[in-house]
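Enquirer: The structure is given below, and queries will be raised subsequently.
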Amino acid sequence: MYTTKKKTCIWKLVALLLFLDGVGMALSAEVDVETRPPNVVLFIMDDVGMGDIGCFGNHTIKTPNIDGLARDGARLTQHMAFSMCTPSRAALMTGRLPVRYGFGSKHPMRVFMFSSSHGGLPSNETTIAELLKGSGYATALIGKWHLGISCKENNSCSDPNSQGFDYFFGLPVTNFRDCGTDNIIPVLWGMSKKVTLSEMLTNLAIACVFAFLLAGTKLIGLRGFIFFMVVALAGNILLACRDDIRSNCVLMENHSIVEQPLLLNEHLTERLHSRAIQFVEQNQNQPFLLVMSFVQAHTALFNNKEFRNHSVHGYYGDNIEEMDWSVGEVLKSLKRLGLEEKTFVYLTSDNGGHVEEFTDAGERQGGWNGVYKGGKTNTWEGGIRVPAIVKYPGHIPLDTVVSQPTHLPDVLPTVARVTGAQLPDDRVYDGRDMMPLLTHADHAEKQEILHEFMFHYCGGFLNAARYTPQNGDTTYKLHYASSHLVPGIHGVMGCFDVFACECEGNSVDRHDPPLVYDLSSDPSEVNPLDSNDPKVKIVIRKVNEAVATHRKSLPRNTDHQFTGSNLMSRPWERPRCGRFPHFTCTDPYLDQLKKLNGEI
Ligand SMILES: *[C@@H]1O[C@H](CO)[C@@H](O)[C@H](O)[C@H]1NC(C)=O
Ligand SMILES: *[C@@H]1O[C@H](CO)[C@@H](O)[C@H](O)[C@H]1NC(C)=O
């Protein structure tokens, strides 16, 4: 395969030598292109489950572009993430488990909530972008970041630009329900998009005057006056909190806010991938890393007009199908520029589908995890097994399946291998190079098991682990603790009592001895094996030993990033755009796009 490719390359060179005057130049350009390391494109979907994608067995959703990617490469059917976005994305960016750098939260809060929160990815972690920048890559992150954007005193910042990305366009935190036009908290009747400090002060002043007048007319006494003021104040605090969640609903370009509030339904998907395509075009003559981190299909759901009622699976399905279109647009641009053969492409989701997401009317708005139990926020398979595809033309055979366990931290070492970048050797990597598996995906049974053991954290708690014996074809999964699932809307099982599952505490069942499942025969985790069976006892002993060894590899002291004081909102530190009192601005590209589409 490679020799024929080389031969055609030589013929091309000869042709060039014969036909071109600027022979020297043509030669060097050709050689350059051939030896240039591949481009890297990483697609990260948000909250998309194993059951949401066509090529993972969903025959009624339309994801032709993602399915095409799978036909051109390998589908990973046991690719493991973490149960929430922030730790999962951190693991993907660093190749290391979140607990190694303070991303394993021991609190119920396991993600950053506000654009003004402190904490974030420590600057001494080497991200995939920093790694490739070191090899001369142009780097861009388009879409959601969610790894913190604050700076500490000593200029150690966590924002994308400080973590190796030359260009960032997207959401600093994440999409929230509150960013949408649905689901407006009823307390805030009449309140439109946003509340500013001046509006709050005005509210308070009006309430004050009103109460004063009432008190003056003796309709209410002093107590009534105080009561009135307390209610007004509480109302304003509520508004402020809500406004703070909404303060995440912004678009940033590098360090500046370019859109506030976020206009989800106004071509957002297209605006994001247009930026991605622009970046690819601008850097087509040098190696680049593009991380396309989708805002879909997290709530608030949103769609461009053309994708409303596009799917047979309601609003959620429409979101998946629009995102698939977006994947296709980026892939098309690679093809158009002749870069397809020189690009390593990976696609995954940050965690499983969020099964507790329903509207008040009972419409499901979260992802679907197929046969897998649980979902986002817990360590049942549905929460952490995610769809994944890798395409690398000429290296990974077409339309193959890799079924042994791999996980998100494997991406960085794999990318290091294909690009020739050097991994730092001063730290523990939990990820491993997947290329040996991927290149031989068509006879995978002979492959070495990459991860004999894998540890599944829920926040900072090691609640489960999996074990795939080297010469076996079985994967065991052990639960030391598991989220207690209860039936919710339409009988769906989830953490409906708490909305997001906890990692410890009353809603978690502890298991001693651990619950053991044989995932090969019981992927849905319904029939635990008998823990008194001598074979099962051996499995438990081996995993316990591996857990103990793993724990020894963890740093004793890490700076915890999710402390209360880090996470709290600091309205005065919120990034803003525009002027007092409204602080609004709109992506200038939106106008262009609307004109182009004849909408204005
Ligand atoms: C396909 O995906 C949709 C959207 O999540 C879901 O409602 C449906 O149940 C899935 N179908 C299958 C067979 O998994
Ligand atoms: C990063 O810095 C922290 C705090 O000084 C330290 O504990 C940690 O080991 C460092 N991490 C790496 C990968 O060097």
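Just remember, in the structure tokens the first chain shown is A, the second B, etc., residues are 1-based per chain, and ligands are 1-based in the order shown.
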To check your reading of the model: which residues sit at most 10 Å from ligand 2 when counting only C-alpha atoms and all ligand atoms? Write the answer as a list in words.
Expert: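 Taking only C-alpha atoms and all ligand atoms into account, the residues around ligand 2 at most 10 Å away are Thr94, Arg96, Arg100, Tyr101, Gly102, Pro122, Ser123, Asn124, Glu125, Thr126, Pro424, Asp425, Asp426, Arg427, Val428, Tyr429, Leu554, Pro555, Arg556, Asn557, Thr558 and Asp559 of chain A.
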Enquirer: Would you mind listing, for every residue of chain A within 8 Å of ligand 1, the two atoms forming the shortest contact and the distance between them in Å to one decimal, using only C-alpha atoms and all ligand atoms, sorted by chain and ascending residue number, as a Markdown table?
Expert:
```
| residue | atom | partner | partner_atom_place_in_ligand_line | distance |
| --- | --- | --- | --- | --- |
| A:Gly49 | CA | ligand 1 | 5 (O) | 7.7 |
| A:Gly51 | CA | ligand 1 | 14 (O) | 4.5 |
| A:Asp52 | CA | ligand 1 | 2 (O) | 4.2 |
| A:Ile53 | CA | ligand 1 | 2 (O) | 6.7 |
| A:Gly54 | CA | ligand 1 | 1 (C) | 7.6 |
| A:Gly57 | CA | ligand 1 | 14 (O) | 6.6 |
| A:Asn58 | CA | ligand 1 | 12 (C) | 4.5 |
| A:His59 | CA | ligand 1 | 13 (C) | 6.2 |
| A:Thr60 | CA | ligand 1 | 1 (C) | 5.8 |
| A:Ile61 | CA | ligand 1 | 1 (C) | 5.3 |
| A:His313 | CA | ligand 1 | 7 (O) | 5.3 |
| A:Gly314 | CA | ligand 1 | 4 (C) | 7.8 |
| A:Tyr316 | CA | ligand 1 | 4 (C) | 6.3 |
| A:Gly317 | CA | ligand 1 | 4 (C) | 4.8 |
| A:Ile320 | CA | ligand 1 | 4 (C) | 7.6 |
| A:Gly366 | CA | ligand 1 | 5 (O) | 7.3 |
| A:Gly367 | CA | ligand 1 | 5 (O) | 5.1 |
| A:Trp368 | CA | ligand 1 | 5 (O) | 4.6 |
| A:Asn369 | CA | ligand 1 | 14 (O) | 7.5 |
| A:Gly370 | CA | ligand 1 | 14 (O) | 5.1 |
```
Enquirer: Go through range 30-120 of chain A residue by residue and, counting only C-alpha atoms, keep those with an atom at most 12 Å from range 264-277 of chain A; for each kept residue give the shortest atom pair and its distance in Å to one decimal, ordered by chain and increasing number, as a tab-separated table.
Expert:
```
residue	atom	partner	partner_atom	distance
A:Val41	CA	A:Ala276	CA	10.1
A:Leu42	CA	A:Ala276	CA	11.4
A:Phe43	CA	A:His273	CA	11.1
```
Enquirer: Next, the residues of the selection above should be written as a compact mmCIF listing (two decimals), in the first residue's frame with N, CA and C atoms.
Expert:
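Result went into selection11.txt, see below:
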```
# COMPACT_ATOMS: atom_id res chain seq x y z
N VAL A 41 -7.87 16.76 13.61
CA VAL A 41 -9.19 17.36 13.86
C VAL A 41 -9.90 16.52 14.91
N LEU A 42 -10.28 17.14 16.01
CA LEU A 42 -10.99 16.43 17.07
C LEU A 42 -12.40 17.01 17.19
N PHE A 43 -13.39 16.16 17.02
CA PHE A 43 -14.78 16.58 17.20
C PHE A 43 -15.24 16.10 18.59
```
Enquirer: List the neighbours of range 278-290 of chain A out to 6 Å using only C-alpha atoms; skip same-chain residues closer than 6 positions along the sequence, and give me the result as a PyMOL selection string.
Expert: chain A and resi 39-41+137-140
Enquirer: Using only C-alpha atoms, which protein or nucleic acid residues come within 12 Å of Tyr346 in chain A? Drop anything in the same chain fewer than 4 positions from it, and give the result as a PyMOL selection string.
Expert: chain A and resi 39-45+66+69-70+72-76+79+92+289-293+327+331+387-392+396+408+410-412+414-415+434+438
Enquirer: Could you name the residues that touch Val536 in chain A at 12 Å or less, counting only C-alpha atoms, but leaving out those on the same chain fewer than 3 positions away, as a list in words?
Expert: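 With the cut-off at 12 Å, the set is Tyr467, Tyr476, Lys477, Leu478, Pro513, Pro514, Leu515, Val516, Tyr517, Asp518, Pro528, Leu529, Asp530, Ser531, Asn532, Asp533, Val539, Ile540, Arg541, Lys542 and Val543 of chain A.
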Enquirer: Rank A:Glu341, A:Glu452, A:Asp350, A:Glu573 by their smallest atom-to-atom distance to Pro37 in chain A, using only C-alpha atoms, and report the top residue only.
Expert: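 Closest candidate: A:Glu341.
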Enquirer: Nearest to Asn303 in chain A among A:Pro108, A:Gly134, A:Gly180, A:Gly460, with distances taken over only C-alpha atoms: which residue is it?
Expert: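 Comparing A:Pro108, A:Gly134, A:Gly180, A:Gly460 against Asn303 in chain A, the winner is A:Gly180.
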Enquirer: Write out as JSON, numbers by chain all residues of range 317-530 of chain A that DSSP puts in strand (DSSP E or B) for this structure's backbone.
Expert: {"A": [343, 344, 345, 346, 347, 348, 349, 358, 364, 385, 386, 387, 388, 389, 390, 391, 400, 401, 402, 406, 407, 453, 454, 455, 456, 457, 458, 461, 462, 463, 464, 465, 466, 467, 476, 477, 478, 479, 480, 481, 482, 483, 486, 487, 493, 494, 508, 509, 510, 511, 512, 513, 514, 515, 516, 517, 518]}
Enquirer: Report, in Å to a single decimal, how far apart CA of Asp159 in chain A and CA of Asn304 in chain A are.
Expert: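 We find that CA of Asn304 in chain A and CA of Asp159 in chain A lie 28.6 Å from each other.
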Enquirer: If we count only C-alpha atoms, what is near Phe307 in chain A at a cut-off of 8 Å, once residues fewer than 6 positions away on the same chain are taken out, given as a PyMOL selection string?
Expert: chain A and resi 318-319+321-322
Enquirer: Contacts between range 175-178 of chain A and range 210-308 of chain A, please, where a residue of range 210-308 of chain A counts if it comes within 7 Å (with only C-alpha atoms); show its shortest atom pair and distance in Å to one decimal, rows by chain and ascending number, as CSV.
Expert:
```
residue,atom,partner,partner_atom,distance
A:Ile245,CA,A:Asp178,CA,6.9
A:Arg246,CA,A:Asp178,CA,6.1
A:Cys249,CA,A:Asn175,CA,6.7
A:Val295,CA,A:Asn175,CA,6.4
A:His298,CA,A:Asn175,CA,6.6
A:Thr299,CA,A:Arg177,CA,5.2
A:Ala300,CA,A:Arg177,CA,4.2
```
Enquirer: Output N, CA, C and O atoms of each residue in that selection to a file, as an mmCIF file, in the first residue's frame.
Expert:
```cif
data_model
loop_
_atom_site.group_PDB
_atom_site.id
_atom_site.type_symbol
_atom_site.label_atom_id
_atom_site.label_comp_id
_atom_site.auth_asym_id
_atom_site.auth_seq_id
_atom_site.Cartn_x
_atom_site.Cartn_y
_atom_site.Cartn_z
ATOM 1 N N ILE A 245 -25.971 32.769 35.922
ATOM 2 C CA ILE A 245 -25.959 31.600 35.040
ATOM 3 C C ILE A 245 -25.988 32.102 33.602
ATOM 4 O O ILE A 245 -25.242 31.655 32.745
ATOM 5 N N ARG A 246 -26.834 33.095 33.369
ATOM 6 C CA ARG A 246 -26.944 33.627 32.014
ATOM 7 C C ARG A 246 -25.680 34.339 31.552
ATOM 8 O O ARG A 246 -25.474 34.521 30.363
ATOM 9 N N CYS A 249 -23.803 32.625 29.044
ATOM 10 C CA CYS A 249 -24.369 32.474 27.710
ATOM 11 C C CYS A 249 -23.809 33.573 26.819
ATOM 12 O O CYS A 249 -24.511 34.538 26.486
ATOM 13 N N VAL A 295 -21.579 22.610 20.832
ATOM 14 C CA VAL A 295 -22.439 23.106 21.898
ATOM 15 C C VAL A 295 -23.653 22.172 22.006
ATOM 16 O O VAL A 295 -24.258 22.036 23.060
ATOM 17 N N HIS A 298 -26.373 19.414 24.259
ATOM 18 C CA HIS A 298 -26.656 19.794 25.644
ATOM 19 C C HIS A 298 -27.897 20.682 25.619
ATOM 20 O O HIS A 298 -28.115 21.395 24.651
ATOM 21 N N THR A 299 -28.675 20.662 26.691
ATOM 22 C CA THR A 299 -29.739 21.668 26.788
ATOM 23 C C THR A 299 -29.067 23.002 27.142
ATOM 24 O O THR A 299 -28.025 22.983 27.822
ATOM 25 N N ALA A 300 -29.574 24.165 26.753
ATOM 26 C CA ALA A 300 -30.787 24.367 25.995
ATOM 27 C C ALA A 300 -30.627 23.869 24.553
ATOM 28 O O ALA A 300 -29.670 24.215 23.887
#
```
Enquirer: I'd like the interatomic distance between CA of Phe344 in chain A and CA of Leu147 in chain A, to a tenth of an Å.
Expert: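 Separating CA of Phe344 in chain A from CA of Leu147 in chain A is a distance of 24.1 Å.
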Enquirer: Kindly give the distance, in Å, that separates CA of Gly491 in chain A and CA of Glu357 in chain A, rounded to a single decimal.
Expert: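 CA of Glu357 in chain A lies 13.2 Å from CA of Gly491 in chain A.
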Enquirer: Give me the residues within 9 Å of Gly488 in chain A as a VMD selection string, counting only C-alpha atoms and dropping any in the same chain fewer than 6 places off.
Expert: chain A and resid 356 494 to 497
Enquirer: For the structure I just gave you, how does DSSP split range 408-437 of chain A - specifically, which residues are alpha helix (DSSP H)? Reply as an NGL selection string.
Expert: :A and (411-419 or 435-437)
